[in-house]
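K.L.:
Let me begin by handing over the structure; questions about it come next.
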Amino acid sequence: MAAIFVNAAILHIFDFSAGTTVLSQSSLNMDDTIIETYVHRQIQKIMSDLRCQEGCFHEDSQFLKLLNDYQNNVYSFVDYSLNVASMLEGYLKNCENPANDVLIIDYTYDDVPYVALLVLENQMAYTHLTKQDGVLITNTIIQQHSLLPSATKKISTFACINKTNQEIHLLDQMKWNVVDVEVMQEMILDCSCEKSKEEVLKEVHEVVKEVAIKTDTNPTLLLSKYKNYVKDSVEEEVPMTREDLAANVFNESEEMQNTFISASLEHKLPKEVEVPKQYVTKKLKNQKIKTDTGIELSFPTEYSENSNFIEFVNHQDGTITIEIKNIGKIINKA
């Protein structure tokens, strides 16, 4: 697990549904175990979020100027955070959820310095309330508003900036009322963004399926070979390249390799993709298929290329037989 050290963190409150805006004038107490745990977990989540886009500031970005001033000690951390909060305030009024907190953190992650801003959409939950009327005690249930998201819930809108090279990791899935504007990217940070790793890998997945359909090949087998190639790339700690993928997944046909490369260019996929380890764990561990007869199967991805466990037989009439082998016991999981 990565080493995290928090230099400072601060929380500002924007609850426009209650007409409450409270800008903190001091940092959070990181000696408080509850606060430290919450902030650390938020950092762990945003640093490993596959949905993130990679971005770079435009030269005239006001946010970049503010960040440079902070790094040059023109502003204290608290004053820097207040400037960031003021930039966000006008837009937070115009989002679907009018109650949000903004958490701003200065930290190091594996000795690399970062600053991050997280928009924490307030949640609603139920809790108990005890009332006493004279000698009569009654327990009841009420709705509790303006709760922070749990430490395990994914955050939908945040940006973390590498203070050394000023590279941005950005995610903005907030529903703004500002139509056709990427608020965090265009209005707050003023930066350019590339597709996220998750978006790229999903597109590669679709291109592999597209090639299978064009060449009348079983998509399940090709997708399994693709997943195995990605897993091998991660295990060997080498980036996944377009040419290597074509050569490994479509190794039986030069025509299919060329079709894949052409389709990749049409989709404007990058020549090289670094696949995060957690993507393999979450997305590629198993292969799931469903037949047109309603049968569903889930099996370890590597089995698809091992005929000792599962075999797909294509027949001349276009039908497919799936044979599952070397079964010692069947467990009913219904």
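Just so we're on the same page: first chain in the structure tokens is A, next is B, and so on; residues restart at 1 for each chain, and ligands are numbered from 1 in the order they show up.
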Which of region 19-110 of chain A counts as alpha helix (DSSP H) under DSSP, as number ranges by chain please?

P.N.:
A: 33-47, 62-71, 77-92

K.L.:
Need to verify the contact set: Ile104 (chain A), 7 Å, only C-alpha atoms, exclusion of same-chain residues closer than 2 positions in sequence. Can you return it as a list in words?

P.N.:
Ala9, Ile10, Leu11, Ser81, Val102, Ala116, Leu117 and Leu118 of chain A

K.L.:
Store the residues picked out above in a file with N, CA and C atoms, as an mmCIF file, in the first residue's frame.

P.N.:
```
data_model
loop_
_atom_site.group_PDB
_atom_site.id
_atom_site.type_symbol
_atom_site.label_atom_id
_atom_site.label_comp_id
_atom_site.auth_asym_id
_atom_site.auth_seq_id
_atom_site.Cartn_x
_atom_site.Cartn_y
_atom_site.Cartn_z
ATOM 1 N N ALA A 9 -5.299 19.606 5.660
ATOM 2 C CA ALA A 9 -6.597 19.377 5.018
ATOM 3 C C ALA A 9 -7.609 20.340 5.626
ATOM 4 N N ILE A 10 -8.572 20.747 4.821
ATOM 5 C CA ILE A 10 -9.568 21.713 5.294
ATOM 6 C C ILE A 10 -10.903 21.398 4.635
ATOM 7 N N LEU A 11 -11.992 21.698 5.343
ATOM 8 C CA LEU A 11 -13.332 21.395 4.852
ATOM 9 C C LEU A 11 -14.169 22.662 4.825
ATOM 10 N N SER A 81 -6.997 27.584 0.103
ATOM 11 C CA SER A 81 -8.248 26.822 0.072
ATOM 12 C C SER A 81 -9.454 27.744 -0.054
ATOM 13 N N VAL A 102 -16.623 20.826 0.410
ATOM 14 C CA VAL A 102 -15.410 20.786 -0.400
ATOM 15 C C VAL A 102 -14.236 20.476 0.524
ATOM 16 N N ALA A 116 -5.182 18.279 -3.648
ATOM 17 C CA ALA A 116 -6.430 17.748 -4.207
ATOM 18 C C ALA A 116 -7.619 18.547 -3.714
ATOM 19 N N LEU A 117 -8.656 18.602 -4.552
ATOM 20 C CA LEU A 117 -9.938 19.159 -4.120
ATOM 21 C C LEU A 117 -11.020 18.139 -4.433
ATOM 22 N N LEU A 118 -11.822 17.849 -3.454
ATOM 23 C CA LEU A 118 -12.878 16.853 -3.574
ATOM 24 C C LEU A 118 -14.214 17.506 -3.272
#
```

K.L.:
Given only C-alpha atoms as the basis, pick out the residue of A:Gly328, A:Pro219, A:Pro149, A:Pro113 nearest to Lys288 (chain A).

P.N.:
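Ranking A:Gly328, A:Pro219, A:Pro149, A:Pro113 by distance to Lys288 (chain A), first place goes to A:Pro219.
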
K.L.:
Taking only C-alpha atoms into account, which of A:Val78, A:Met174, A:Ile161, A:Val39 comes nearest Asn97 (chain A)?

P.N.:
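The answer is A:Met174, which sits nearest to Asn97 (chain A).
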
K.L.:
I'd like to know which of A:Thr108, A:Asp232, A:Ile168, A:Asn332 is closest to Ser192 (chain A), using only C-alpha atoms.

P.N.:
A:Ile168

K.L.:
A:Glu199, A:Glu206, A:Glu96, A:Glu237: which is nearest Glu274 (chain A), counting only C-alpha atoms?

P.N.:
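Smallest separation from Glu274 (chain A) among the options: A:Glu237.
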
K.L.:
Using only C-alpha atoms, what does the table of region 242-271 of chain A residues within 12 Å of region 193-196 of chain A look like, with each row giving the shortest atom pair and its distance in Å to one decimal, sorted by chain and ascending number, as a Markdown table?

P.N.:
```
| residue | atom | partner | partner_atom | distance |
| --- | --- | --- | --- | --- |
| A:His267 | CA | A:Lys195 | CA | 11.9 |
| A:Lys268 | CA | A:Lys195 | CA | 10.4 |
| A:Leu269 | CA | A:Lys195 | CA | 9.3 |
| A:Pro270 | CA | A:Lys195 | CA | 9.5 |
```

K.L.:
Applying 10 Å and only C-alpha atoms, which residues near Ser233 (chain A) remain after dropping the ones on its own chain fewer than 4 positions away? List them as a list in words.

P.N.:
Lys227, Asn228, Tyr229, Glu237, Val238, Pro239, Met240, Thr241, Asp244, Leu245, Glu274, Val275 and Lys277 of chain A
